[in-house]
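What follows is a set of notes on a single structure, which appears directly below.
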Amino acid sequence: MFRAVFRLSTSGVRSLARSRPCYSAPLSSRCYSHATAETDEEFDARWVTYFSKPDIDAWELKKGINTLVEYDLVPEPKILDSALRACRRLNDLACAIRILEAVKDKAGPHKDIYPYLIQELKPTLTELGISTPEELGIDKL
């Protein structure tokens, strides 16, 4: 009895599947990437210019830092230098400390990147009067 039901149900499903027309749309592939790739020097110059704007406000600064942190890279010292100078122009010490913390986080398991960046930024940090998270003791929290 179950065989008869099974045969009827499978043949019924097959007939339903065959009765529907199968339309397949042609796949079109498009290449939207007509622009040339940005070089590292152009990338650095774009961000240095962005943070060096004399009329940058706090929202633009934080937006730029968030966008820069989203990239899969550790920013060059000259980009960080201009971002720290923008923080100083806005008297935003907290944002400067967050930049240094974000760079340390972005360096991840590569323990030699963050000390190199601090070494390169040390003259700027002393000129601007910005302490590192390690000097403030907040890196141990």
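Every chain in the structure tokens has a letter given in the order shown (A, B, ...), and although residue numbers restart at 1 in each chain, ligands are simply numbered from 1 in the order shown.
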Mind checking DSSP for range 33-130 of chain A and telling me the alpha helix (DSSP H) residues as a PyMOL selection string?
-> chain A and resi 40-51+58-70+77-89+93-107+113-128
Find the spatial neighbours of range 125-130 of chain A, counting only C-alpha atoms, within a cut-off of 9 Å - ignore same-chain residues fewer than 6 positions away - and output them as a PyMOL selection string.
-> chain A and resi 81+84-85+88+93+96-97+118
Suppose we keep N, CA, C and O atoms; can you now write the selection as a short mmCIF file (atom, residue, chain, number, x, y, z; two decimals), in the first residue's frame?
data_model
loop_
_atom_site.label_atom_id
_atom_site.label_comp_id
_atom_site.auth_asym_id
_atom_site.auth_seq_id
_atom_site.Cartn_x
_atom_site.Cartn_y
_atom_site.Cartn_z
N ASP A 81 50.71 61.88 12.30
CA ASP A 81 51.22 63.18 12.69
C ASP A 81 50.20 64.27 12.38
O ASP A 81 49.89 65.11 13.23
N LEU A 84 47.17 63.90 14.73
CA LEU A 84 47.46 64.39 16.08
C LEU A 84 47.52 65.91 16.12
O LEU A 84 47.09 66.53 17.09
N ARG A 85 48.04 66.51 15.07
CA ARG A 85 48.06 67.99 15.01
C ARG A 85 46.64 68.54 14.90
O ARG A 85 46.34 69.59 15.47
N ARG A 88 45.22 68.52 18.29
CA ARG A 88 45.75 69.63 19.10
C ARG A 88 45.08 70.94 18.71
O ARG A 88 44.80 71.77 19.58
N LEU A 93 42.32 66.18 23.53
CA LEU A 93 43.32 65.23 23.99
C LEU A 93 42.79 63.80 23.97
O LEU A 93 43.51 62.86 23.63
N ALA A 96 43.17 62.27 20.62
CA ALA A 96 44.57 61.93 20.34
C ALA A 96 44.96 60.62 21.01
O ALA A 96 45.63 59.78 20.40
N ILE A 97 44.53 60.44 22.25
CA ILE A 97 44.83 59.19 22.96
C ILE A 97 44.13 58.02 22.28
O ILE A 97 44.70 56.93 22.13
N ILE A 118 55.59 54.94 17.60
CA ILE A 118 55.82 55.84 18.73
C ILE A 118 57.19 56.51 18.59
O ILE A 118 57.34 57.70 18.86
#
Which of these, A:Arg46, A:Lys122, A:Arg98, A:Lys78, has the shortest distance to Ile65 in chain A once you count only C-alpha atoms?
-> A:Arg98
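Candidate residues A:Leu117, A:Arg89, A:Ala107, A:Glu101 were compared for distance to Asp55 in chain A, and the nearest is A:Arg89, using only C-alpha atoms.
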Write out as a PyMOL selection string each polymer residue whose atoms come within 12 Å of Val48 in chain A, counting only C-alpha atoms; drop sequence neighbours fewer than 2 positions from it.
-> chain A and resi 41-46+50-54+61+64-65+68+75-86
Quick one: everything within 9 Å of Val74 in chain A, counting only C-alpha atoms, minus sequence neighbours fewer than 2 positions away in the same chain. Send it as a PyMOL selection string.
-> chain A and resi 68-69+71-72+76+103-104+106-107+113
Same residues, C-alpha atoms, saved as a PDB file, in the first residue's frame:
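Written file, out30.pdb:
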ATOM      1  CA  LEU A  68      40.984  55.345   8.540  1.00  0.00           C
ATOM      2  CA  VAL A  69      40.688  52.701  11.270  1.00  0.00           C
ATOM      3  CA  TYR A  71      40.922  50.131   6.481  1.00  0.00           C
ATOM      4  CA  ASP A  72      42.949  46.969   6.661  1.00  0.00           C
ATOM      5  CA  GLU A  76      51.847  55.760   8.186  1.00  0.00           C
ATOM      6  CA  VAL A 103      46.990  52.231  16.191  1.00  0.00           C
ATOM      7  CA  LYS A 104      48.189  49.875  18.909  1.00  0.00           C
ATOM      8  CA  LYS A 106      45.567  47.772  14.578  1.00  0.00           C
ATOM      9  CA  ALA A 107      49.175  46.619  14.955  1.00  0.00           C
ATOM     10  CA  ILE A 113      54.978  48.154  14.561  1.00  0.00           C
TER      11      ILE A 113
END
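Interatomic distance, CA of Thr39 in chain A to CA of Leu73 in chain A: 13.8 Å.
Going from CA of Trp47 in chain A to CA of Glu135 in chain A covers 27.2 Å.
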Taking into account only C-alpha atoms, which residue in the set A:Cys87, A:Pro115, A:Leu100, A:Pro109 is nearest to Thr132 in chain A?
-> A:Leu100
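With only C-alpha atoms as the atoms that count, the minimum distance from Lys63 in chain A to the choices A:Ser131, A:Cys95, A:Ala37, A:Lys111 is reached by A:Cys95.
Counting only C-alpha atoms, the residue from A:His34, A:Thr49, A:Asn66, A:Glu120 that sits nearest to Ile99 in chain A is A:Asn66.
Distance-wise, CA of Glu38 in chain A and CA of Gly108 in chain A end up 25.0 Å apart.
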